[in-house]
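Printed here is upload.csv (CSV, C-alpha atoms (C1' of nucleotides)):
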chain,number,residue,atom,x,y,z
A,1,MET,CA,111.3,18.9,-37.2
A,2,GLY,CA,108.3,16.6,-37.2
A,3,SER,CA,105.7,16.0,-39.8
A,4,SER,CA,103.2,18.7,-40.8
A,5,THR,CA,100.5,17.2,-38.6
A,6,ALA,CA,102.9,16.8,-35.7
A,7,ARG,CA,103.8,20.4,-35.9
A,8,ILE,CA,100.2,21.6,-36.1
A,9,GLU,CA,99.5,19.5,-33.0
A,10,ALA,CA,102.4,21.0,-31.2
A,11,ALA,CA,101.1,24.4,-32.1
A,12,GLU,CA,97.8,23.5,-30.7
A,13,ASN,CA,99.4,22.5,-27.4
A,14,ARG,CA,101.4,25.6,-27.2
A,15,CYS,CA,98.4,27.8,-27.8
A,16,ALA,CA,96.4,25.9,-25.2
A,17,GLN,CA,99.2,26.4,-22.7
A,18,GLN,CA,99.2,30.1,-23.3
A,19,GLY,CA,95.5,30.4,-23.1
A,20,VAL,CA,94.9,31.5,-26.7
A,21,LYS,CA,93.0,29.9,-29.4
A,22,LEU,CA,94.4,28.3,-32.6
A,23,THR,CA,91.2,28.9,-34.5
A,24,GLU,CA,90.4,27.0,-37.7
A,25,ARG,CA,91.5,29.9,-39.9
A,26,ARG,CA,94.8,30.2,-38.0
A,27,ARG,CA,95.4,26.5,-38.2
A,28,GLU,CA,94.7,26.6,-42.0
A,29,VAL,CA,97.1,29.4,-42.5
A,30,LEU,CA,99.9,27.8,-40.4
A,31,SER,CA,99.3,24.5,-42.0
A,32,ALA,CA,99.5,26.0,-45.5
A,33,LEU,CA,102.8,27.7,-44.6
A,34,ILE,CA,104.3,24.6,-43.0
A,35,GLU,CA,103.4,22.6,-46.1
A,36,ALA,CA,104.9,25.2,-48.4
A,37,GLY,CA,108.2,24.1,-46.9
A,38,GLY,CA,109.7,27.6,-47.2
A,39,ALA,CA,109.1,31.3,-47.1
A,40,LEU,CA,106.1,32.8,-48.8
A,41,SER,CA,104.8,36.4,-49.1
A,42,ALA,CA,101.6,37.2,-47.4
A,43,TYR,CA,99.7,37.2,-50.7
A,44,GLU,CA,101.3,34.0,-51.9
A,45,LEU,CA,100.1,32.4,-48.7
A,46,LEU,CA,96.7,33.9,-49.1
A,47,ASP,CA,96.4,32.4,-52.6
A,48,ARG,CA,97.4,29.0,-51.3
A,49,CYS,CA,94.9,29.2,-48.5
A,50,ASN,CA,92.1,30.4,-50.7
A,51,LYS,CA,92.7,27.8,-53.4
A,52,ARG,CA,92.2,24.9,-51.0
A,53,LEU,CA,89.5,26.4,-48.8
A,54,SER,CA,85.8,26.4,-49.5
A,55,LYS,CA,85.4,30.0,-48.3
A,56,SER,CA,88.1,32.5,-49.2
A,57,MET,CA,89.3,35.1,-46.9
A,58,PRO,CA,90.4,38.7,-47.5
A,59,ALA,CA,94.0,39.9,-47.4
A,60,MET,CA,93.5,41.6,-44.1
A,61,SER,CA,92.8,38.3,-42.4
A,62,ILE,CA,96.1,36.9,-43.5
A,63,TYR,CA,98.0,39.8,-42.0
A,64,ARG,CA,96.0,39.6,-38.8
A,65,ILE,CA,96.6,35.9,-38.5
A,66,LEU,CA,100.3,36.2,-39.3
A,67,ASP,CA,100.5,38.8,-36.6
A,68,PHE,CA,98.9,36.4,-34.1
A,69,LEU,CA,101.2,33.5,-35.2
A,70,GLN,CA,104.3,35.7,-35.0
A,71,SER,CA,103.4,36.9,-31.6
A,72,HIS,CA,103.3,33.3,-30.4
A,73,SER,CA,106.5,32.4,-32.2
A,74,LEU,CA,104.8,30.0,-34.6
A,75,VAL,CA,105.8,32.1,-37.6
A,76,HIS,CA,108.7,34.4,-38.3
A,77,LYS,CA,108.8,37.3,-40.7
A,78,LEU,CA,111.9,37.7,-42.9
A,79,LYS,CA,112.5,41.3,-43.3
A,80,SER,CA,115.0,40.8,-46.1
A,81,ASN,CA,112.4,39.8,-48.5
A,82,ASN,CA,109.0,40.5,-46.8
A,83,LYS,CA,108.2,36.8,-46.6
A,84,PHE,CA,106.9,34.6,-43.8
A,85,ILE,CA,108.1,31.2,-42.7
A,86,ALA,CA,106.9,28.7,-40.2
A,87,CYS,CA,109.1,28.5,-37.1
A,88,ALA,CA,111.4,25.5,-37.4
A,89,HIS,CA,111.1,24.7,-33.7
A,90,ILE,CA,107.4,24.5,-33.2
A,91,ASP,CA,107.6,20.9,-32.1
A,92,CYS,CA,111.0,21.0,-30.5
A,93,ASP,CA,111.3,20.3,-26.9
A,94,HIS,CA,114.2,22.7,-26.3
A,95,GLN,CA,113.8,26.2,-25.2
A,96,HIS,CA,112.7,28.7,-27.8
A,97,PHE,CA,115.2,31.6,-28.3
A,98,SER,CA,114.3,35.1,-29.2
A,99,ARG,CA,117.5,35.0,-31.2
A,100,SER,CA,116.9,33.4,-34.5
A,101,GLN,CA,119.2,33.4,-37.5
A,102,PHE,CA,118.1,32.7,-41.0
A,103,PHE,CA,120.0,31.7,-44.0
A,104,ILE,CA,117.8,32.7,-46.9
A,105,CYS,CA,118.3,31.4,-50.4
A,106,SER,CA,118.0,34.2,-52.9
A,107,ASP,CA,117.0,31.8,-55.7
A,108,CYS,CA,114.4,29.6,-54.2
A,109,PRO,CA,112.1,29.6,-51.1
A,110,ALA,CA,114.6,27.6,-49.0
A,111,VAL,CA,115.4,29.0,-45.6
A,112,GLU,CA,117.4,27.5,-42.8
A,113,GLU,CA,116.7,28.6,-39.3
A,114,ILE,CA,119.4,28.1,-36.7
A,115,ASN,CA,120.4,29.4,-33.3
A,116,ILE,CA,123.9,30.8,-33.0
A,117,ASP,CA,125.8,30.4,-29.8
A,118,THR,CA,125.6,33.1,-27.2
A,119,SER,CA,129.1,34.4,-27.6
A,120,ALA,CA,128.6,35.8,-31.1
A,121,TYR,CA,125.5,37.6,-29.9
A,122,GLU,CA,127.2,38.9,-26.9
A,123,PHE,CA,129.9,40.3,-29.1
A,124,MET,CA,127.4,42.3,-31.1
A,125,ARG,CA,125.6,43.5,-28.0
A,126,LYS,CA,128.8,45.0,-26.6
A,127,ALA,CA,129.6,46.6,-29.9
A,128,ALA,CA,126.1,48.2,-29.9
A,129,GLU,CA,126.6,49.3,-26.3
A,130,GLN,CA,129.7,51.2,-27.3
A,131,ALA,CA,127.8,53.0,-30.0
A,132,GLY,CA,125.1,53.9,-27.4
A,133,PHE,CA,122.6,51.4,-28.6
A,134,SER,CA,120.7,48.9,-26.5
A,135,LEU,CA,119.6,46.0,-28.8
A,136,SER,CA,116.1,44.7,-28.6
A,137,ASN,CA,115.4,42.4,-31.5
A,138,THR,CA,118.3,40.2,-32.6
A,139,GLN,CA,116.8,38.3,-35.5
A,140,LEU,CA,119.6,38.0,-38.1
A,141,GLU,CA,119.1,37.3,-41.7
A,142,PHE,CA,121.8,36.2,-44.1
A,143,THR,CA,121.3,35.9,-47.8
A,144,GLY,CA,123.0,33.4,-50.0
A,145,SER,CA,122.5,30.3,-52.1
A,146,CYS,CA,121.4,27.0,-50.8
A,147,GLN,CA,123.2,23.8,-51.8
A,148,ARG,CA,120.7,22.9,-54.4
A,149,CYS,CA,120.7,26.2,-56.1
A,150,THR,CA,124.5,26.4,-55.9
A,151,ASN,CA,124.7,23.2,-57.7
A,152,ASN,CA,122.2,24.3,-60.3
A,153,GLY,CA,124.3,27.4,-60.9
A,154,GLY,CA,121.7,29.5,-59.2
A,155,GLN,CA,119.0,28.4,-61.6
A,156,PRO,CA,115.6,27.7,-60.0
A,157,GLU,CA,114.2,24.5,-61.3
B,1,MET,CA,132.8,61.5,-41.0
B,2,GLY,CA,133.3,64.8,-42.6
B,3,SER,CA,131.0,67.7,-43.4
B,4,SER,CA,128.2,67.3,-45.9
B,5,THR,CA,130.2,69.0,-48.6
B,6,ALA,CA,133.3,67.0,-47.9
B,7,ARG,CA,131.3,63.8,-48.3
B,8,ILE,CA,129.8,64.9,-51.5
B,9,GLU,CA,133.2,65.8,-52.8
B,10,ALA,CA,134.5,62.4,-51.8
B,11,ALA,CA,131.6,60.8,-53.6
B,12,GLU,CA,132.5,62.8,-56.7
B,13,ASN,CA,136.0,61.5,-56.6
B,14,ARG,CA,135.0,57.9,-56.1
B,15,CYS,CA,132.6,58.1,-59.0
B,16,ALA,CA,135.3,59.6,-61.2
B,17,GLN,CA,137.7,56.9,-60.2
B,18,GLN,CA,135.1,54.3,-61.2
B,19,GLY,CA,134.3,56.0,-64.5
B,20,VAL,CA,130.7,56.7,-63.6
B,21,LYS,CA,129.0,60.0,-63.4
B,22,LEU,CA,127.6,61.6,-60.2
B,23,THR,CA,125.0,63.6,-62.2
B,24,GLU,CA,123.3,66.7,-60.8
B,25,ARG,CA,120.2,64.6,-59.8
B,26,ARG,CA,122.2,62.0,-58.1
B,27,ARG,CA,124.2,64.6,-56.2
B,28,GLU,CA,121.0,66.3,-55.1
B,29,VAL,CA,119.6,63.0,-53.8
B,30,LEU,CA,122.7,62.0,-52.0
B,31,SER,CA,123.1,65.4,-50.6
B,32,ALA,CA,119.6,65.4,-49.3
B,33,LEU,CA,120.1,62.1,-47.7
B,34,ILE,CA,123.4,63.1,-46.1
B,35,GLU,CA,121.8,66.2,-44.7
B,36,ALA,CA,118.9,64.3,-43.3
B,37,GLY,CA,121.4,62.7,-40.9
B,38,GLY,CA,119.6,59.4,-40.7
B,39,ALA,CA,117.5,56.9,-42.5
B,40,LEU,CA,114.6,58.0,-44.8
B,41,SER,CA,112.1,56.1,-46.8
B,42,ALA,CA,112.3,56.6,-50.6
B,43,TYR,CA,109.2,58.8,-50.6
B,44,GLU,CA,110.4,60.8,-47.6
B,45,LEU,CA,113.6,61.5,-49.5
B,46,LEU,CA,111.6,62.3,-52.7
B,47,ASP,CA,109.6,64.9,-50.7
B,48,ARG,CA,112.7,66.5,-49.3
B,49,CYS,CA,114.3,66.7,-52.8
B,50,ASN,CA,111.3,68.0,-54.5
B,51,LYS,CA,110.8,70.7,-51.8
B,52,ARG,CA,114.1,72.2,-52.3
B,53,LEU,CA,114.4,71.8,-56.1
B,54,SER,CA,113.1,73.9,-58.8
B,55,LYS,CA,112.0,71.0,-60.9
B,56,SER,CA,110.4,68.0,-59.1
B,57,MET,CA,111.1,64.5,-60.1
B,58,PRO,CA,108.9,61.4,-60.2
B,59,ALA,CA,109.2,58.5,-57.7
B,60,MET,CA,110.7,56.3,-60.3
B,61,SER,CA,113.8,58.6,-60.5
B,62,ILE,CA,114.4,58.3,-56.8
B,63,TYR,CA,114.5,54.5,-57.0
B,64,ARG,CA,116.7,54.5,-60.0
B,65,ILE,CA,119.1,57.0,-58.4
B,66,LEU,CA,119.1,55.1,-55.1
B,67,ASP,CA,120.0,51.9,-57.1
B,68,PHE,CA,122.9,53.7,-58.6
B,69,LEU,CA,124.1,55.1,-55.3
B,70,GLN,CA,123.7,51.7,-53.7
B,71,SER,CA,125.7,49.9,-56.4
B,72,HIS,CA,128.5,52.3,-55.8
B,73,SER,CA,128.4,52.0,-52.0
B,74,LEU,CA,127.3,55.5,-51.4
B,75,VAL,CA,124.0,54.6,-49.9
B,76,HIS,CA,122.7,51.5,-48.1
B,77,LYS,CA,119.2,50.1,-47.9
B,78,LEU,CA,118.0,49.0,-44.5
B,79,LYS,CA,115.8,46.0,-45.2
B,80,SER,CA,114.4,46.1,-41.6
B,81,ASN,CA,112.4,49.2,-42.3
B,82,ASN,CA,112.7,49.8,-46.0
B,83,LYS,CA,114.7,53.0,-45.5
B,84,PHE,CA,117.8,54.3,-47.1
B,85,ILE,CA,120.9,55.8,-45.4
B,86,ALA,CA,124.0,57.5,-46.7
B,87,CYS,CA,127.1,55.3,-46.2
B,88,ALA,CA,129.0,56.5,-43.2
B,89,HIS,CA,132.3,55.8,-44.9
B,90,ILE,CA,132.0,57.8,-48.1
B,91,ASP,CA,134.9,60.0,-47.2
B,92,CYS,CA,136.9,57.6,-45.1
B,93,ASP,CA,140.4,56.6,-46.4
B,94,HIS,CA,140.1,53.1,-45.1
B,95,GLN,CA,139.0,50.1,-47.2
B,96,HIS,CA,135.3,49.7,-47.7
B,97,PHE,CA,133.9,46.5,-46.5
B,98,SER,CA,131.0,44.7,-48.1
B,99,ARG,CA,130.1,43.6,-44.5
B,100,SER,CA,128.3,46.5,-42.9
B,101,GLN,CA,126.4,46.3,-39.7
B,102,PHE,CA,123.7,48.7,-38.7
B,103,PHE,CA,122.2,49.5,-35.3
B,104,ILE,CA,118.8,50.9,-36.1
B,105,CYS,CA,116.9,52.9,-33.6
B,106,SER,CA,113.2,51.9,-33.6
B,107,ASP,CA,112.1,55.3,-32.3
B,108,CYS,CA,113.9,57.8,-34.4
B,109,PRO,CA,115.9,57.9,-37.6
B,110,ALA,CA,119.2,57.3,-35.9
B,111,VAL,CA,121.4,54.6,-37.4
B,112,GLU,CA,124.9,53.7,-36.5
B,113,GLU,CA,127.0,51.9,-39.1
B,114,ILE,CA,129.9,49.9,-38.0
B,115,ASN,CA,132.2,47.1,-39.1
B,116,ILE,CA,132.4,44.0,-37.0
B,117,ASP,CA,135.7,42.1,-36.9
B,118,THR,CA,136.2,39.2,-39.2
B,119,SER,CA,136.0,36.5,-36.6
B,120,ALA,CA,132.3,37.0,-35.9
B,121,TYR,CA,131.6,36.9,-39.6
B,122,GLU,CA,133.7,33.8,-40.1
B,123,PHE,CA,131.7,32.1,-37.4
B,124,MET,CA,128.5,32.7,-39.2
B,125,ARG,CA,130.0,31.7,-42.6
B,126,LYS,CA,130.9,28.3,-41.1
B,127,ALA,CA,127.5,27.9,-39.6
B,128,ALA,CA,125.9,28.6,-42.9
B,129,GLU,CA,128.3,26.2,-44.7
B,130,GLN,CA,127.2,23.4,-42.3
B,131,ALA,CA,123.6,24.1,-43.4
B,132,GLY,CA,124.6,23.9,-47.0
B,133,PHE,CA,124.5,27.7,-47.6
B,134,SER,CA,127.1,29.8,-49.1
B,135,LEU,CA,126.6,33.4,-48.0
B,136,SER,CA,126.6,36.3,-50.4
B,137,ASN,CA,125.4,39.4,-48.7
B,138,THR,CA,126.3,39.9,-45.1
B,139,GLN,CA,124.7,43.1,-44.2
B,140,LEU,CA,123.4,42.8,-40.7
B,141,GLU,CA,120.8,44.9,-39.1
B,142,PHE,CA,120.1,45.2,-35.4
B,143,THR,CA,117.1,47.0,-34.0
B,144,GLY,CA,117.1,48.7,-30.7
B,145,SER,CA,117.1,52.0,-29.0
B,146,CYS,CA,119.7,54.8,-29.3
B,147,GLN,CA,121.0,56.5,-26.2
B,148,ARG,CA,118.9,59.5,-26.7
B,149,CYS,CA,115.7,57.6,-27.1
B,150,THR,CA,116.6,55.3,-24.2
B,151,ASN,CA,117.0,58.3,-22.0
B,152,ASN,CA,113.7,59.7,-23.2
B,153,GLY,CA,112.0,56.5,-22.3
B,154,GLY,CA,111.6,55.7,-26.0
B,155,GLN,CA,109.7,58.9,-26.7
B,156,PRO,CA,110.7,60.6,-29.9
B,157,GLU,CA,111.0,64.4,-29.3
C,1,DT,C1',130.2,69.1,-87.2
C,2,DT,C1',127.0,65.8,-87.1
C,3,DC,C1',125.2,61.5,-86.4
C,4,DA,C1',124.5,57.5,-83.8
C,5,DA,C1',124.8,54.9,-79.7
C,6,DC,C1',124.3,55.0,-75.2
C,7,DC,C1',123.1,56.7,-70.8
C,8,DT,C1',120.0,59.4,-67.9
C,9,DT,C1',115.7,61.2,-66.8
C,10,DG,C1',110.6,62.0,-67.3
C,11,DA,C1',106.0,60.3,-67.4
C,12,DT,C1',102.6,57.1,-66.6
C,13,DA,C1',100.7,53.0,-65.2
C,14,DT,C1',100.6,49.2,-62.3
C,15,DA,C1',102.3,45.7,-59.1
C,16,DT,C1',103.2,44.5,-54.3
C,17,DT,C1',103.0,44.9,-49.5
C,18,DG,C1',100.6,46.5,-45.5
C,19,DT,C1',97.1,49.3,-42.5
C,20,DA,C1',92.6,51.6,-41.1
C,21,DT,C1',88.0,51.1,-40.2
C,22,DC,C1',83.6,49.5,-39.5
C,23,DA,C1',80.3,45.7,-39.8
C,24,DT,C1',79.3,40.9,-38.9
C,25,DT,C1',79.8,36.5,-36.8
C,26,DC,C1',81.4,33.5,-33.2
C,27,DT,C1',82.3,32.0,-28.4
C,28,DC,C1',81.7,31.4,-23.9
C,29,DA,C1',80.9,32.8,-19.1
C,30,DG,C1',77.1,34.3,-16.3
D,1,DC,C1',69.5,32.8,-23.4
D,2,DT,C1',72.3,36.8,-23.6
D,3,DG,C1',75.6,40.1,-23.9
D,4,DA,C1',80.6,41.3,-23.9
D,5,DG,C1',84.7,40.5,-26.1
D,6,DA,C1',87.3,38.1,-29.6
D,7,DA,C1',87.7,36.8,-34.4
D,8,DT,C1',86.7,37.5,-39.0
D,9,DG,C1',84.7,39.8,-43.3
D,10,DA,C1',84.5,43.5,-46.3
D,11,DT,C1',86.1,47.6,-48.1
D,12,DA,C1',89.0,51.3,-48.8
D,13,DC,C1',93.3,53.1,-49.0
D,14,DA,C1',98.4,54.0,-47.8
D,15,DA,C1',103.1,52.9,-48.6
D,16,DT,C1',106.6,50.7,-51.2
D,17,DA,C1',108.4,49.3,-55.6
D,18,DT,C1',108.7,48.0,-60.6
D,19,DA,C1',107.7,48.0,-65.8
D,20,DT,C1',107.7,50.4,-69.9
D,21,DC,C1',108.1,53.7,-73.3
D,22,DA,C1',109.3,58.4,-74.6
D,23,DA,C1',112.3,62.4,-74.4
D,24,DG,C1',116.5,64.7,-73.4
D,25,DG,C1',121.9,64.7,-72.9
D,26,DT,C1',126.4,63.3,-73.6
D,27,DT,C1',130.1,61.5,-76.1
D,28,DG,C1',133.0,59.6,-79.5
D,29,DA,C1',133.8,58.4,-84.2
D,30,DA,C1',133.1,59.3,-89.1
Would you encode the structure as structure tokens?
Amino acid sequence: MGSSTARIEAAENRCAQQGVKLTERRREVLSALIEAGGALSAYELLDRCNKRLSKSMPAMSIYRILDFLQSHSLVHKLKSNNKFIACAHIDCDHQHFSRSQFFICSDCPAVEEINIDTSAYEFMRKAAEQAGFSLSNTQLEFTGSCQRCTNNGGQPE
Amino acid sequence: MGSSTARIEAAENRCAQQGVKLTERRREVLSALIEAGGALSAYELLDRCNKRLSKSMPAMSIYRILDFLQSHSLVHKLKSNNKFIACAHIDCDHQHFSRSQFFICSDCPAVEEINIDTSAYEFMRKAAEQAGFSLSNTQLEFTGSCQRCTNNGGQPE
DNA sequence: TTCAACCTTGATATATTGTATCATTCTCAG
DNA sequence: CTGAGAATGATACAATATATCAAGGTTGAA
């Protein structure tokens, strides 16, 4: 995972490739989220953006922009806690998977995004099939405690 | 999964064993949720309860009662869609697992609750460990389409 | 029995998260 | 330039959830 600017640049490139625009507002939002280094709620992100911008924007804009960023896999929404996080693979060269897994710390904003191997997914797909379900979204979220919070006895700093 | 009354009775027994009370209100809420046959939002459940009860209750009560029911594994909260569902294993004789998996239909209230085998979980636990995370909650939610909605082309009836 | 402690529920207010809608501004191809 | 479509602003509101204090009920011990 490169520097903040490297990731923004990679996001620019990916948008250009897809024929969509990473406007100034969108870049500001993505950049604030990347620099947060973890998961933020929409309104937390809004506050951060508005604090460092000359012209503040309404809540509606954050949601619209987050929708855009999600639809281009630059941001993920964590349903466990209604927070948003910058994709960890914006500037990776490898293929992006639709199957992301997140380890979410319940005591701090830390989130780890990984990609499980295919066999575990295939296992679940078959189990679903037996129950008559065809899976669409396979984003998995696990809650727990990150190393730092585990060592602190679960106390945020 | 037995009849509605069988499940309520089983819930009574489990509460009694644990030395807690399944009060009238709690029984009403659980029973409404069981009879719904799928996932409901807190306010949908509130509406159903209040429609069939002589004395209506405030929203706060639903949340309190749902907290109680969740803490005794009689109800689960689906974080994917902020809905609640009666545990499918209230009146099962087998051991209750803290690891539940849900297949959630995105087009109707259908939800299937299963228990994956231990190996898949163990796989994820190790992956988390490598990332410095110790998992606590392992409820997994998969979104997709149930058989009925798949056959209807995703159209709810 | 009666009182006190505790648990449960009611009532009300408010916080948090997210969407609907219409107006305004921006951008860019023709 | 200009007009169509995209993006944003502004405002209202819906949906989800929590905080807090008061009132009612249960239960066990004096």
Next on the checklist: Using only C-alpha atoms (C1' of nucleotides) and a cut-off of 12 Å, which residues of chain D sit close to chain A? Please list them as a PyMOL selection string.
Outcome noted: chain D and resi 6-12+16
Report as a short mmCIF file (atom, residue, chain, number, x, y, z; two decimals) with C-alpha atoms, in the coordinates of the input the set of chain A residues whose atoms approach chain B to within 8 Å, with distances computed over only C-alpha atoms.
data_model
loop_
_atom_site.label_atom_id
_atom_site.label_comp_id
_atom_site.auth_asym_id
_atom_site.auth_seq_id
_atom_site.Cartn_x
_atom_site.Cartn_y
_atom_site.Cartn_z
CA LYS A 79 112.50 41.30 -43.30
CA SER A 80 115.00 40.80 -46.10
CA ASN A 81 112.40 39.80 -48.50
CA PHE A 103 120.00 31.70 -44.00
CA CYS A 105 118.30 31.40 -50.40
CA GLU A 112 117.40 27.50 -42.80
CA ILE A 116 123.90 30.80 -33.00
CA ALA A 120 128.60 35.80 -31.10
CA PHE A 123 129.90 40.30 -29.10
CA MET A 124 127.40 42.30 -31.10
CA ALA A 128 126.10 48.20 -29.90
CA ALA A 131 127.80 53.00 -30.00
CA GLY A 132 125.10 53.90 -27.40
CA PHE A 133 122.60 51.40 -28.60
CA SER A 134 120.70 48.90 -26.50
CA LEU A 135 119.60 46.00 -28.80
CA SER A 136 116.10 44.70 -28.60
CA ASN A 137 115.40 42.40 -31.50
CA THR A 138 118.30 40.20 -32.60
CA GLN A 139 116.80 38.30 -35.50
CA LEU A 140 119.60 38.00 -38.10
CA GLU A 141 119.10 37.30 -41.70
CA PHE A 142 121.80 36.20 -44.10
CA THR A 143 121.30 35.90 -47.80
CA GLY A 144 123.00 33.40 -50.00
CA SER A 145 122.50 30.30 -52.10
CA CYS A 146 121.40 27.00 -50.80
CA GLN A 147 123.20 23.80 -51.80
#
Next on the checklist: Residues of chain C were defined as contacting chain A if any atom lay at most 9 Å from it, counting all atoms listed in the file; please report them as an MDAnalysis selection string.
Outcome noted: chainID C and resid 16:19
Item to check | Nearest residue to DA29 (chain C) from the set D:DA17, D:DA29, D:DA23, D:DA4 (distances using only C-alpha atoms (C1' of nucleotides)) | outcome: D:DA4
Checklist entry - Quick one: residues within 10 Å of Lys77 (chain A), all atoms listed in the file counted, chain neighbours fewer than 5 positions away excluded, as a PyMOL selection string? => result chain A and resi 39-42+66-67+70+82-87+139
Item to check | Exercise: DT27 (chain D) partners within 12 Å, only C-alpha atoms (C1' of nucleotides), chain neighbours under 5 positions left out, as a ChimeraX atom specification | outcome: /C:3-7
Item to check | Interatomic distance (Å, one decimal) between C1' of DA15 (chain C) and CA of Ile34 (chain A) | outcome: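 Pair C1' of DA15 (chain C) / CA of Ile34 (chain A) returns 26.6 Å.
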Checklist outcome for this item: Here CA of Lys55 (chain B) and CA of Ala36 (chain B) stand apart by 20.1 Å
Checklist entry - Between CA of Asn50 (chain B) and CA of Gly38 (chain B), what is the distance, to one decimal in Å? => result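 Straight-line distance from CA of Asn50 (chain B) to CA of Gly38 (chain B) works out to 18.3 Å.
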Next on the checklist: So that I can see what lies close to DA22 (chain D), please list as a list in words the residues with an atom at most 12 Å from it, counting only C-alpha atoms (C1' of nucleotides) and leaving out residues fewer than 6 positions away in the same chain.
Outcome noted: DT9, DG10, DA11 and DT12 of chain C
Checklist entry - Any idea what's packed within 9 Å of Ser31 (chain B), counting only C-alpha atoms (C1' of nucleotides), ignoring anything in its chain fewer than 2 positions away? Could you give it as an NGL selection string? => result :B and (4-5 or 7-8 or 26-29 or 33-36 or 86)
